[in-house]
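Participant: The structure that follows is given in the form of structure tokens.
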Amino acid sequence: MKKTWLAVLTVGAAIAFASAADAQTSCQRNFLVDADGDGFDDSQEIAGIAVIASPTGLVTDPARKDVFIVVAMASNSLVQQIFSPDGTTPFNPFTPVTYFGSGVNVSFNGLAPLGLNVHMLSDLNTTADRIVDGCGISTQKAIRIAESTDTNGTILGNCQWGTPNGLDGCVVYSQRIKSFIDTNCPGNTEPERQLMFKAYITQSFLHEMGHSLGGLASQYNSRTGGYHYKSGSGFVMDQSVSYSARSGKCTWTISSTWNQTDPLSVRLK
């Protein structure tokens with residue numbers, strides 16, 4: 001039996017453009033109280049955050065952290081082709097989903113276990129430096145994570161460590177992930193490899209974004225390649241996922257569990 005550890009390296013992303021917001025209801029508020037620490041004033045959240053290029057204010061819960069995330073697919077998106085071949089359903093790594101079949105068995109629940117409400121945006125909903133609020137009340141930024149189909153390299157994903165207001169650069173390399181699975185798991189059928197790809201991609205998006213949610217894992221460890229738990233701990237923020245192969249047929253160990261300390265380490269500003 002061949003046992004291999006496959007690193008999900010992490011070490012974030014930018015580019016967006018903006019138009020004026022219409023939600024004047026929240027533009028009259030002053031930034032005074034932010035009880036949940038998500039970068040938005042409580043009265044602003046109750047009245048409705050004036051998300052750029054949105055026709056109405058987005059009402060959110062001032063007692064629960066709200067995180068805004070731009071998931072940017074490549075123009076020739078491999079992820080979109082595999083997750084929704086007809087193109088009708090945008091890729092969303094934050095909804096509950098289970099991947100169960102030969103070689104993989106894992107269930108995800110997005111960022112909910114971290115106590116976060118996730119709001120997916122497009123590039124049109126942020127300024128060039130990822131600011132969400134069109135009224136200028138809050139300077140809170142969105143995380144932007146992009147798919148890349150570049151094949152020139154071995155890193156499968158990377159992201160800056162820190163808060164959403166830090167540096168850009170979250171990327172998941174979809175074609176490299178697919179090529180790795182196809183090369184090392186030829187004994188599995190194409191549908192089985194696609195299921196493995198879906199599980200790996202979902203984990204990768206969650207893992208990489210974790211590094212920009214206040215910096216998960218919270219402790220630096222040079223032996224795990226930075227801010228990771230050691231491989232095999234069974235957490236989303238492990239340094240790597242693993243697989244075993246017999247006669248080219250793979251079985252993957254992919255965790256969707258967050259360490260109990262991860263929610264306490266979440267910081268958005």
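All residue names refer to the structure tokens as shown: chains lettered A, B, ... in order, residues numbered from 1 in each chain, ligands numbered from 1 in order.
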As a VMD selection string, which residues of region 53-261 of chain A does DSSP assign to strand (DSSP E or B)?

Facilitator: chain A and resid 58 65 to 72 97 to 101 104 to 108 116 to 121 131 133 141 143 to 148 157 to 158 170 to 173 221 226 229 238 240 to 246 249 to 253

Participant: Just the residues within 8 Å of Phe197 (chain A), please, counting only C-alpha atoms, with nothing from its chain fewer than 4 positions along; format it as an mmCIF file with N, CA and C atoms, in the first residue's frame.

Facilitator:
```cif
data_model
loop_
_atom_site.group_PDB
_atom_site.id
_atom_site.type_symbol
_atom_site.label_atom_id
_atom_site.label_comp_id
_atom_site.auth_asym_id
_atom_site.auth_seq_id
_atom_site.Cartn_x
_atom_site.Cartn_y
_atom_site.Cartn_z
ATOM 1 N N ILE A 177 -5.044 20.405 -8.666
ATOM 2 C CA ILE A 177 -5.703 19.425 -7.811
ATOM 3 C C ILE A 177 -6.274 18.288 -8.646
ATOM 4 N N LYS A 178 -6.941 18.631 -9.743
ATOM 5 C CA LYS A 178 -7.522 17.588 -10.600
ATOM 6 C C LYS A 178 -6.429 16.709 -11.203
ATOM 7 N N ILE A 181 -5.111 14.228 -8.617
ATOM 8 C CA ILE A 181 -6.051 13.123 -8.392
ATOM 9 C C ILE A 181 -6.050 12.168 -9.572
ATOM 10 N N ARG A 193 -13.425 9.994 -9.277
ATOM 11 C CA ARG A 193 -12.408 11.043 -9.198
ATOM 12 C C ARG A 193 -13.042 12.427 -9.144
ATOM 13 N N ILE A 201 -11.732 20.270 -3.382
ATOM 14 C CA ILE A 201 -11.913 21.685 -3.693
ATOM 15 C C ILE A 201 -12.654 22.401 -2.568
#
```

Participant: Report, in Å with one decimal, the straight-line distance from CA of His207 (chain A) to CA of Val59 (chain A).

Facilitator: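 Pair CA of His207 (chain A) / CA of Val59 (chain A) returns 27.6 Å.
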
Participant: So that I can see what lies close to Thr163 (chain A), please list as JSON, numbers by chain the residues with an atom at most 10 Å from it, counting only C-alpha atoms and leaving out residues fewer than 4 positions away in the same chain.

Facilitator: {"A": [141, 142, 143, 167, 209, 210, 211, 212, 213, 214, 215, 216, 266, 267, 268, 269]}

Participant: Need the shell around region 108-115 of chain A: protein/DNA/RNA residues with any atom at most 6 Å away, counting only C-alpha atoms. Skip same-chain ones fewer than 3 positions apart. Format as a ChimeraX atom specification?

Facilitator: /A:94-97,256,263
